[in-house]
>>> print(open('run.cif').read())   # mmCIF, C-alpha atoms
data_query
loop_
_atom_site.label_atom_id
_atom_site.label_comp_id
_atom_site.auth_asym_id
_atom_site.auth_seq_id
_atom_site.Cartn_x
_atom_site.Cartn_y
_atom_site.Cartn_z
CA MET A 1 0.00 0.00 0.00
CA ALA A 2 1.11 3.57 -0.65
CA PHE A 3 0.22 7.11 0.35
CA ARG A 4 0.91 10.66 -0.88
CA ALA A 5 2.71 13.20 1.26
CA LEU A 6 4.33 16.62 1.17
CA VAL A 7 7.88 15.52 2.00
CA LEU A 8 10.09 18.22 3.50
CA THR A 9 13.88 18.41 3.38
CA GLN A 10 16.28 20.96 4.85
CA GLY A 11 19.37 22.16 3.00
CA ASN A 12 22.70 23.37 4.36
CA ASP A 13 21.31 26.92 4.30
CA ARG A 14 18.56 25.69 6.70
CA LYS A 15 15.87 26.57 4.18
CA VAL A 16 13.16 23.95 3.80
CA GLY A 17 12.07 22.55 0.47
CA GLY A 18 9.03 20.36 -0.20
CA ARG A 19 7.79 18.01 -2.86
CA ILE A 20 4.72 15.82 -3.27
CA ASP A 21 5.86 12.20 -3.21
CA THR A 22 4.31 8.73 -3.10
CA LEU A 23 5.64 6.53 -0.30
CA ASP A 24 5.09 2.95 0.82
CA ASP A 25 3.15 2.42 4.03
CA ASP A 26 6.26 0.96 5.68
CA LYS A 27 7.68 4.51 5.73
CA LEU A 28 5.03 5.54 8.27
CA PRO A 29 6.36 5.97 11.81
CA ALA A 30 5.50 3.64 14.69
CA GLY A 31 2.01 3.75 16.16
CA ASP A 32 -1.00 1.58 16.93
CA VAL A 33 -3.60 3.38 14.81
CA THR A 34 -3.43 4.19 11.09
CA VAL A 35 -5.69 7.00 9.90
CA ALA A 36 -6.79 7.73 6.34
CA ILE A 37 -6.54 11.52 6.45
CA ALA A 38 -9.21 13.63 4.78
CA TYR A 39 -8.15 17.14 5.81
CA SER A 40 -5.40 19.02 7.60
CA THR A 41 -4.80 22.76 8.18
CA LEU A 42 -2.17 25.49 8.06
CA ASN A 43 -1.23 26.96 11.44
CA TYR A 44 1.46 29.45 12.52
CA LYS A 45 3.63 26.58 13.77
CA ASP A 46 3.20 24.84 10.41
CA GLY A 47 4.44 28.02 8.74
CA LEU A 48 7.63 27.84 10.81
CA ILE A 49 8.19 24.19 9.92
CA LEU A 50 7.56 24.74 6.19
CA THR A 51 10.00 27.65 5.94
CA THR A 52 12.95 26.98 8.28
CA GLY A 53 11.92 24.07 10.48
CA GLY A 54 11.59 26.58 13.32
CA GLY A 55 13.91 24.46 15.45
CA LEU A 56 10.95 22.09 15.91
CA VAL A 57 11.94 19.27 13.53
CA LYS A 58 14.80 17.01 14.64
CA SER A 59 15.17 14.69 11.65
CA TRP A 60 14.73 14.99 7.89
CA PRO A 61 13.05 14.13 5.56
CA HIS A 62 9.88 15.05 7.38
CA VAL A 63 6.11 15.26 6.92
CA GLY A 64 4.59 18.30 8.66
CA GLY A 65 1.03 19.17 9.64
CA ILE A 66 0.30 19.53 13.36
CA ASP A 67 -3.32 18.44 13.08
CA PHE A 68 -5.55 16.27 10.92
CA ALA A 69 -8.96 14.63 10.72
CA GLY A 70 -10.00 11.46 8.99
CA MET A 71 -11.12 7.86 9.39
CA VAL A 72 -9.45 4.96 11.16
CA GLU A 73 -8.03 2.53 8.60
CA HIS A 74 -6.36 0.09 11.02
CA SER A 75 -6.29 -0.09 14.81
CA ASP A 76 -4.49 -2.12 17.45
CA ASP A 77 -6.00 0.16 20.11
CA PRO A 78 -9.29 -1.28 21.50
CA ARG A 79 -10.73 2.24 21.80
CA TYR A 80 -10.93 2.59 18.00
CA LYS A 81 -12.35 0.51 15.22
CA VAL A 82 -12.08 0.78 11.45
CA GLY A 83 -14.30 3.59 10.19
CA ASP A 84 -14.23 5.72 13.36
CA ARG A 85 -13.93 9.44 12.59
CA VAL A 86 -11.07 10.96 14.56
CA VAL A 87 -9.16 14.20 15.03
CA LEU A 88 -5.62 14.86 16.23
CA ASN A 89 -4.15 18.06 17.68
CA GLY A 90 -0.71 18.44 19.18
CA TRP A 91 1.43 15.78 20.87
CA ARG A 92 4.26 17.22 18.73
CA VAL A 93 2.85 15.46 15.69
CA GLY A 94 4.06 17.34 12.62
CA GLU A 95 7.21 18.25 14.61
CA LEU A 96 8.87 15.14 16.07
CA HIS A 97 6.38 12.68 14.51
CA TRP A 98 5.17 12.69 10.90
CA GLY A 99 1.94 14.65 10.65
CA GLY A 100 -1.11 15.55 8.63
CA TYR A 101 0.30 16.70 5.28
CA ALA A 102 -0.27 13.24 3.83
CA THR A 103 -3.10 10.91 2.94
CA LYS A 104 -2.19 8.61 5.85
CA ALA A 105 -0.76 8.90 9.35
CA ARG A 106 0.24 6.28 11.90
CA VAL A 107 0.05 7.52 15.50
CA LYS A 108 -0.58 6.45 19.07
CA GLY A 109 -4.25 5.92 19.83
CA GLU A 110 -3.80 7.98 23.00
CA TRP A 111 -3.27 11.04 20.79
CA LEU A 112 -6.62 10.76 19.00
CA VAL A 113 -10.08 12.03 19.91
CA LYS A 114 -13.29 10.73 18.35
CA LEU A 115 -15.13 13.45 16.49
CA PRO A 116 -18.57 14.53 17.74
CA ASP A 117 -21.34 13.47 15.34
CA SER A 118 -22.08 17.12 14.55
CA ILE A 119 -18.59 17.80 13.16
CA SER A 120 -17.42 16.44 9.79
CA PRO A 121 -13.69 15.90 9.12
CA ARG A 122 -13.63 19.06 6.99
CA ALA A 123 -15.38 21.08 9.68
CA ALA A 124 -12.98 19.63 12.25
CA MET A 125 -10.09 21.14 10.31
CA ALA A 126 -11.93 24.41 9.75
CA ILE A 127 -11.88 24.43 13.55
CA GLY A 128 -8.47 22.76 13.81
CA THR A 129 -5.85 23.37 16.46
CA ALA A 130 -6.79 27.07 16.30
CA GLY A 131 -10.40 26.42 17.26
CA TYR A 132 -9.50 23.75 19.80
CA THR A 133 -7.12 26.25 21.42
CA SER A 134 -9.80 28.95 21.31
CA MET A 135 -12.21 26.63 23.08
CA LEU A 136 -9.63 25.94 25.80
CA CYS A 137 -9.29 29.72 26.28
CA VAL A 138 -13.06 30.16 26.56
CA MET A 139 -13.30 27.26 29.01
CA ALA A 140 -10.59 28.86 31.18
CA LEU A 141 -12.49 32.17 31.30
CA GLU A 142 -15.70 30.30 32.17
CA ARG A 143 -13.96 28.38 34.98
CA HIS A 144 -12.81 31.73 36.32
CA GLY A 145 -16.47 32.68 36.60
CA LEU A 146 -16.83 35.10 33.71
CA THR A 147 -20.25 35.30 32.10
CA SER A 148 -21.88 37.45 29.44
CA ALA A 149 -22.87 39.82 32.25
CA SER A 150 -19.24 40.33 33.34
CA GLY A 151 -18.38 42.84 30.64
CA GLU A 152 -16.33 43.08 27.46
CA ILE A 153 -13.91 40.33 26.43
CA LEU A 154 -10.91 41.45 24.38
CA VAL A 155 -9.50 39.14 21.69
CA THR A 156 -6.06 40.09 20.37
CA GLY A 157 -4.94 38.99 16.91
CA ALA A 158 -8.63 38.68 16.17
CA ALA A 159 -8.38 38.23 12.39
CA GLY A 160 -6.03 35.24 12.71
CA GLY A 161 -7.04 31.61 13.06
CA VAL A 162 -7.27 31.37 16.86
CA GLY A 163 -8.64 34.90 17.18
CA SER A 164 -11.35 34.44 14.55
CA ILE A 165 -12.79 31.35 16.18
CA ALA A 166 -12.47 32.88 19.66
CA VAL A 167 -14.55 35.85 18.46
CA ALA A 168 -17.19 33.53 16.96
CA LEU A 169 -17.34 31.28 20.04
CA LEU A 170 -17.55 34.10 22.56
CA ALA A 171 -20.24 35.88 20.53
CA LYS A 172 -22.26 32.67 20.23
CA LEU A 173 -22.10 32.33 24.02
CA GLY A 174 -23.45 35.85 24.45
CA PHE A 175 -20.26 37.75 25.32
CA ASP A 176 -19.62 41.33 24.23
CA VAL A 177 -16.47 40.88 22.12
CA VAL A 178 -13.86 43.55 21.37
CA ALA A 179 -11.76 42.38 18.42
CA ALA A 180 -8.25 43.86 18.33
CA THR A 181 -6.48 43.63 14.96
CA GLY A 182 -3.70 45.21 12.99
CA ARG A 183 -5.85 44.84 9.89
CA PRO A 184 -8.73 47.30 10.33
CA GLN A 185 -9.93 46.44 6.81
CA GLU A 186 -11.11 43.15 8.33
CA GLY A 187 -13.64 44.95 10.51
CA ASP A 188 -16.69 43.79 8.54
CA TYR A 189 -15.38 40.22 8.58
CA LEU A 190 -14.94 40.32 12.36
CA LYS A 191 -18.35 41.87 12.92
CA GLY A 192 -19.77 39.07 10.79
CA LEU A 193 -18.24 36.61 13.26
CA GLY A 194 -19.97 38.43 16.11
CA ALA A 195 -17.56 41.13 17.32
CA THR A 196 -19.38 44.16 18.68
CA THR A 197 -16.36 46.49 18.67
CA ILE A 198 -13.26 46.67 16.46
CA LEU A 199 -10.13 47.99 18.16
CA GLU A 200 -7.13 48.83 15.99
CA ARG A 201 -3.89 47.30 17.23
CA LYS A 202 -2.26 50.73 17.08
CA ALA A 203 -4.72 52.11 19.64
CA LEU A 204 -3.95 49.27 22.04
CA VAL A 205 -0.17 49.27 21.57
CA GLU A 206 0.07 53.07 21.84
CA ALA A 207 -1.93 53.24 25.07
CA PRO A 208 0.06 54.87 27.89
CA ASP A 209 2.95 52.75 29.15
CA ARG A 210 1.64 52.38 32.69
CA PRO A 211 1.15 49.21 34.75
CA LEU A 212 -2.49 50.11 35.43
CA LEU A 213 -4.86 51.85 33.02
CA SER A 214 -8.60 52.47 33.30
CA GLU A 215 -10.50 49.25 33.93
CA ARG A 216 -12.32 48.11 30.80
CA PHE A 217 -12.15 44.39 30.01
CA ALA A 218 -13.55 41.55 32.10
CA GLY A 219 -11.37 39.09 30.24
CA VAL A 220 -8.81 38.69 27.48
CA VAL A 221 -8.05 35.96 24.96
CA ASP A 222 -4.49 36.81 23.97
CA THR A 223 -2.99 35.22 20.85
CA VAL A 224 -0.19 37.77 20.41
CA SER A 225 1.75 38.53 23.64
CA GLY A 226 4.31 41.34 23.59
CA VAL A 227 3.21 44.94 24.10
CA MET A 228 -0.40 44.18 23.14
CA PHE A 229 -0.77 41.79 26.05
CA ALA A 230 0.88 44.20 28.47
CA ARG A 231 -1.57 46.97 27.54
CA ALA A 232 -4.52 44.57 27.71
CA LEU A 233 -3.41 43.32 31.12
CA ALA A 234 -3.27 46.91 32.39
CA GLN A 235 -6.95 47.40 31.38
CA LEU A 236 -8.43 44.30 33.01
CA LYS A 237 -11.13 44.89 35.58
CA TYR A 238 -10.83 43.85 39.21
CA ASN A 239 -10.91 40.01 39.39
CA GLY A 240 -10.51 39.84 35.60
CA ALA A 241 -8.78 37.02 33.75
CA ALA A 242 -6.65 36.50 30.67
CA ALA A 243 -6.26 33.25 28.72
CA VAL A 244 -2.87 33.37 26.98
CA CYS A 245 -2.13 31.04 24.08
CA GLY A 246 0.12 32.71 21.48
CA LEU A 247 3.33 34.62 20.91
CA ALA A 248 3.10 36.13 17.44
CA GLY A 249 4.24 39.41 19.03
CA GLY A 250 7.19 37.78 20.80
CA ALA A 251 7.69 35.62 23.87
CA VAL A 252 8.49 38.57 26.15
CA PHE A 253 6.04 41.21 27.34
CA PRO A 254 6.79 44.39 29.30
CA GLY A 255 4.63 43.71 32.33
CA SER A 256 4.19 44.61 35.98
CA ILE A 257 3.02 42.72 39.04
CA LEU A 258 0.52 45.47 39.89
CA PRO A 259 -2.51 44.07 37.98
CA PHE A 260 -2.13 40.83 39.93
CA ILE A 261 -1.77 42.27 43.43
CA LEU A 262 -3.97 45.37 43.10
CA ARG A 263 -6.75 44.09 40.82
CA ASN A 264 -6.69 40.38 41.67
CA VAL A 265 -6.11 39.55 38.00
CA THR A 266 -5.46 35.93 36.95
CA VAL A 267 -3.58 34.74 33.86
CA TYR A 268 -4.30 31.24 32.53
CA GLY A 269 -1.62 29.69 30.33
CA ILE A 270 -3.20 27.57 27.57
CA ASP A 271 -1.21 24.59 26.29
CA SER A 272 -2.91 22.70 23.49
CA VAL A 273 -0.02 20.34 22.69
CA MET A 274 0.45 18.03 25.68
CA LEU A 275 -2.94 18.50 27.34
CA PRO A 276 -4.31 15.27 28.88
CA ARG A 277 -7.03 13.33 27.15
CA GLY A 278 -9.96 14.35 29.39
CA PRO A 279 -9.83 18.11 28.74
CA ARG A 280 -9.26 17.44 25.02
CA GLU A 281 -12.42 15.38 24.79
CA GLU A 282 -14.35 18.02 26.71
CA ALA A 283 -13.07 20.77 24.39
CA TRP A 284 -14.19 18.85 21.29
CA ARG A 285 -17.54 18.04 22.90
CA ARG A 286 -18.03 21.76 23.53
CA LEU A 287 -16.94 22.61 19.99
CA GLY A 288 -19.54 20.18 18.66
CA ARG A 289 -22.17 22.09 20.63
CA ASP A 290 -21.00 25.71 20.61
CA VAL A 291 -19.03 26.48 17.46
CA PRO A 292 -21.17 28.41 14.93
CA LEU A 293 -20.21 26.37 11.86
CA ALA A 294 -22.27 28.50 9.46
CA LYS A 295 -20.44 31.66 10.55
CA LEU A 296 -17.13 29.85 10.42
CA ASP A 297 -17.53 29.26 6.68
CA SER A 298 -16.68 32.92 6.05
CA ALA A 299 -13.37 32.38 7.84
CA VAL A 300 -12.29 29.32 5.82
CA SER A 301 -10.37 28.89 2.58
CA GLU A 302 -9.49 25.50 1.08
CA VAL A 303 -6.19 24.55 -0.56
CA ALA A 304 -4.31 21.49 -1.81
CA LEU A 305 -1.04 20.00 -0.53
CA SER A 306 0.78 21.65 -3.43
CA ASP A 307 -0.37 25.12 -2.27
CA LEU A 308 1.25 24.95 1.16
CA MET A 309 4.85 25.98 0.50
CA PRO A 310 4.02 29.45 -0.92
CA LEU A 311 1.38 30.04 1.78
CA ALA A 312 3.75 29.37 4.70
CA PRO A 313 5.55 32.75 4.65
CA LYS A 314 2.20 34.54 4.46
CA ILE A 315 0.87 33.03 7.68
CA LEU A 316 4.09 34.02 9.47
CA LYS A 317 3.59 37.62 8.30
CA GLY A 318 -0.02 37.69 9.49
CA GLU A 319 -1.32 37.97 5.92
CA ILE A 320 -3.85 35.12 6.08
CA ARG A 321 -7.38 35.70 7.31
CA GLY A 322 -9.07 33.05 9.39
CA ARG A 323 -8.52 29.37 8.71
CA VAL A 324 -6.92 27.41 5.87
CA VAL A 325 -8.23 23.88 5.33
CA VAL A 326 -5.96 21.50 3.40
CA ASP A 327 -7.60 18.79 1.28
CA VAL A 328 -4.73 16.28 1.32
CA ASN A 329 -6.32 14.19 -1.42
CA ARG A 330 -6.10 17.02 -3.98
#
>>> encode(input="run.cif", output="structure tokens")
Amino acid sequence: MAFRALVLTQGNDRKVGGRIDTLDDDKLPAGDVTVAIAYSTLNYKDGLILTTGGGLVKSWPHVGGIDFAGMVEHSDDPRYKVGDRVVLNGWRVGELHWGGYATKARVKGEWLVKLPDSISPRAAMAIGTAGYTSMLCVMALERHGLTSASGEILVTGAAGGVGSIAVALLAKLGFDVVAATGRPQEGDYLKGLGATTILERKALVEAPDRPLLSERFAGVVDTVSGVMFARALAQLKYNGAAAVCGLAGGAVFPGSILPFILRNVTVYGIDSVMLPRGPREEAWRRLGRDVPLAKLDSAVSEVALSDLMPLAPKILKGEIRGRVVVDVNR
């Protein structure tokens, strides 16, 4: 048996090249479940891997793609049978383990989650790691006690993959969403997802450089970090909360302890990669119930495996709106 894959290699200049190749099944890595992949996605981390490796890939040649959805083709794990629809996010698949940019993957059954009946494999990848991460952020804010009556929720990097779905999810749940973006031309798009207010990144970044600013936001979903997060943190209300999941603006932010000790602010770090199975299953159950799939269609574009290499630099530059679904069989 054989499968198609986007096979990546890294040259002496550390630049990554890719070609579509047909490989025998015995090239698949070790695992107890083989999945016939229907769709994958393009995420920021995928962009790093497709351009330079991002320091994430340890051996070449490599097959990237940090998430995928499809149907079980073979299973030695009693939890899965042939024909089960499954999704995978994280576990360093697409980094240390061959990933979703292929028509097949072999992985550990522990890494898989069965898809809710309401979500097709294509819809699962329209949601993808971005939407799964967004749901984890929303769940963290809910556990903190925030409700639609608490006040505005700020989403940074709102026009990106994680931000777009966070806006749509929060709006569906009745929250008043402030969408912060460096692309104000996407305002209509974000309002279509449910944002009530569009905040230009410039206005947030250029807010006064003080540890505490006027209280405005009950909560924050931060996908950016850097100065944007510092200014958002300074505007959280007393007993507010931030769910932090991204670092497109850098891993360091110029912060102060004052929001924590004077306003009782809490920051929740969101890891979507190594999260235990229970919270993963709960996140996908909630996505099956709460994600507004009809609205999400406006945030999705579909590409083939052969389109990925030229798209990778664009996602790193923040030039891609919403979600990119990859039909690996095209």
>>> closest_residue(input="run.cif", among="A:Gly54, A:Glu186, A:Cys245, A:Ser118", to="Thr223 (chain A)", atoms="all atoms listed in the file")
A:Cys245
>>> resolve_selection(input="run.cif", expression="the PyMOL selection byres ((chain A and resi 290-299) around 10)", output="JSON, numbers by chain")
{"A": [118, 119, 123, 124, 126, 127, 131, 135, 159, 160, 161, 164, 165, 166, 168, 169, 170, 171, 172, 173, 189, 190, 192, 193, 194, 284, 285, 286, 287, 288, 289, 300, 301, 321, 322, 323, 324]}
>>> write_last_selection(input="run.cif", atoms="C-alpha atoms", output="PDB file, in the frame of the given file")
ATOM      1  CA  SER A 118     -22.080  17.120  14.550  1.00  0.00           C
ATOM      2  CA  ILE A 119     -18.590  17.800  13.160  1.00  0.00           C
ATOM      3  CA  ALA A 123     -15.380  21.080   9.680  1.00  0.00           C
ATOM      4  CA  ALA A 124     -12.980  19.630  12.250  1.00  0.00           C
ATOM      5  CA  ALA A 126     -11.930  24.410   9.750  1.00  0.00           C
ATOM      6  CA  ILE A 127     -11.880  24.430  13.550  1.00  0.00           C
ATOM      7  CA  GLY A 131     -10.400  26.420  17.260  1.00  0.00           C
ATOM      8  CA  MET A 135     -12.210  26.630  23.080  1.00  0.00           C
ATOM      9  CA  ALA A 159      -8.380  38.230  12.390  1.00  0.00           C
ATOM     10  CA  GLY A 160      -6.030  35.240  12.710  1.00  0.00           C
ATOM     11  CA  GLY A 161      -7.040  31.610  13.060  1.00  0.00           C
ATOM     12  CA  SER A 164     -11.350  34.440  14.550  1.00  0.00           C
ATOM     13  CA  ILE A 165     -12.790  31.350  16.180  1.00  0.00           C
ATOM     14  CA  ALA A 166     -12.470  32.880  19.660  1.00  0.00           C
ATOM     15  CA  ALA A 168     -17.190  33.530  16.960  1.00  0.00           C
ATOM     16  CA  LEU A 169     -17.340  31.280  20.040  1.00  0.00           C
ATOM     17  CA  LEU A 170     -17.550  34.100  22.560  1.00  0.00           C
ATOM     18  CA  ALA A 171     -20.240  35.880  20.530  1.00  0.00           C
ATOM     19  CA  LYS A 172     -22.260  32.670  20.230  1.00  0.00           C
ATOM     20  CA  LEU A 173     -22.100  32.330  24.020  1.00  0.00           C
ATOM     21  CA  TYR A 189     -15.380  40.220   8.580  1.00  0.00           C
ATOM     22  CA  LEU A 190     -14.940  40.320  12.360  1.00  0.00           C
ATOM     23  CA  GLY A 192     -19.770  39.070  10.790  1.00  0.00           C
ATOM     24  CA  LEU A 193     -18.240  36.610  13.260  1.00  0.00           C
ATOM     25  CA  GLY A 194     -19.970  38.430  16.110  1.00  0.00           C
ATOM     26  CA  TRP A 284     -14.190  18.850  21.290  1.00  0.00           C
ATOM     27  CA  ARG A 285     -17.540  18.040  22.900  1.00  0.00           C
ATOM     28  CA  ARG A 286     -18.030  21.760  23.530  1.00  0.00           C
ATOM     29  CA  LEU A 287     -16.940  22.610  19.990  1.00  0.00           C
ATOM     30  CA  GLY A 288     -19.540  20.180  18.660  1.00  0.00           C
ATOM     31  CA  ARG A 289     -22.170  22.090  20.630  1.00  0.00           C
ATOM     32  CA  VAL A 300     -12.290  29.320   5.820  1.00  0.00           C
ATOM     33  CA  SER A 301     -10.370  28.890   2.580  1.00  0.00           C
ATOM     34  CA  ARG A 321      -7.380  35.700   7.310  1.00  0.00           C
ATOM     35  CA  GLY A 322      -9.070  33.050   9.390  1.00  0.00           C
ATOM     36  CA  ARG A 323      -8.520  29.370   8.710  1.00  0.00           C
ATOM     37  CA  VAL A 324      -6.920  27.410   5.870  1.00  0.00           C
TER      38      VAL A 324
END
>>> closest_residue(input="run.cif", among="A:Asp307, A:Asp188, A:Asp222, A:Glu282", to="Gly269 (chain A)", atoms="only C-alpha atoms")
A:Asp222
>>> residues_near_point(input="run.cif", point="(-5.3, 34.3, 30.7)", cutoff="10 Å", atoms="all atoms listed in the file", output="VMD selection string")
chain A and resid 137 to 138 140 to 141 144 219 to 222 229 233 240 to 245 265 to 270
>>> residues_near_point(input="run.cif", point="(-12.9, 41.1, 29.3)", cutoff="7 Å", atoms="only C-alpha atoms", output="PyMOL selection string")
chain A and resi 151-154+217-220+236+240
>>> resolve_selection(input="run.cif", expression="the PyMOL selection byres ((chain A and resi 92-104) around 6)", output="number ranges by chain")
A: 3-6, 35-37, 40, 56-57, 63-68, 90-91, 105, 328
>>> closest_residue(input="run.cif", among="A:Leu204, A:Ala149, A:Val107, A:Met71", to="Leu28 (chain A)", atoms="all atoms listed in the file")
A:Val107
>>> atom_distance(input="run.cif", atom1="CA of Arg85 (chain A)", atom2="CA of Gly246 (chain A)")
28.6 Å
>>> resolve_selection(input="run.cif", expression="the PyMOL selection byres ((chain A and resi 113) around 9)", output="PyMOL selection string")
chain A and resi 85-89+109-112+114-115+277+280-281+284
>>> atom_distance(input="run.cif", atom1="CA of Asn43 (chain A)", atom2="CA of Val177 (chain A)")
23.2 Å
>>> build_atoms(input="run.cif", residues="region 122-137 of chain A", atoms="N, CA and C atoms", output="compact mmCIF listing (two decimals), in the coordinates of the input")
# COMPACT_ATOMS: atom_id res chain seq x y z
N ARG A 122 -13.98 17.75 7.53
CA ARG A 122 -13.63 19.06 6.99
C ARG A 122 -13.91 20.16 8.01
N ALA A 123 -15.06 20.08 8.66
CA ALA A 123 -15.38 21.08 9.68
C ALA A 123 -14.40 21.01 10.84
N ALA A 124 -13.95 19.78 11.17
CA ALA A 124 -12.98 19.63 12.25
C ALA A 124 -11.70 20.38 11.94
N MET A 125 -11.31 20.42 10.67
CA MET A 125 -10.09 21.14 10.31
C MET A 125 -10.35 22.62 10.02
N ALA A 126 -11.59 22.98 9.74
CA ALA A 126 -11.93 24.41 9.75
C ALA A 126 -11.78 24.95 11.17
N ILE A 127 -12.10 24.11 12.13
CA ILE A 127 -11.88 24.43 13.55
C ILE A 127 -10.40 24.26 13.87
N GLY A 128 -9.88 23.05 13.69
CA GLY A 128 -8.47 22.76 13.81
C GLY A 128 -7.88 23.05 15.18
N THR A 129 -6.54 23.04 15.23
CA THR A 129 -5.85 23.37 16.46
C THR A 129 -6.19 24.78 16.92
N ALA A 130 -6.43 25.68 15.95
CA ALA A 130 -6.79 27.07 16.30
C ALA A 130 -8.10 27.10 17.09
N GLY A 131 -9.11 26.40 16.58
CA GLY A 131 -10.40 26.42 17.26
C GLY A 131 -10.39 25.64 18.56
N TYR A 132 -9.67 24.54 18.56
CA TYR A 132 -9.50 23.75 19.80
C TYR A 132 -8.83 24.60 20.87
N THR A 133 -7.79 25.36 20.48
CA THR A 133 -7.12 26.25 21.42
C THR A 133 -8.05 27.36 21.88
N SER A 134 -8.81 27.92 20.94
CA SER A 134 -9.80 28.95 21.31
C SER A 134 -10.79 28.44 22.33
N MET A 135 -11.25 27.20 22.15
CA MET A 135 -12.21 26.63 23.08
C MET A 135 -11.58 26.46 24.46
N LEU A 136 -10.32 26.06 24.50
CA LEU A 136 -9.63 25.94 25.80
C LEU A 136 -9.55 27.30 26.48
N CYS A 137 -9.32 28.36 25.70
CA CYS A 137 -9.29 29.72 26.28
C CYS A 137 -10.65 30.09 26.86
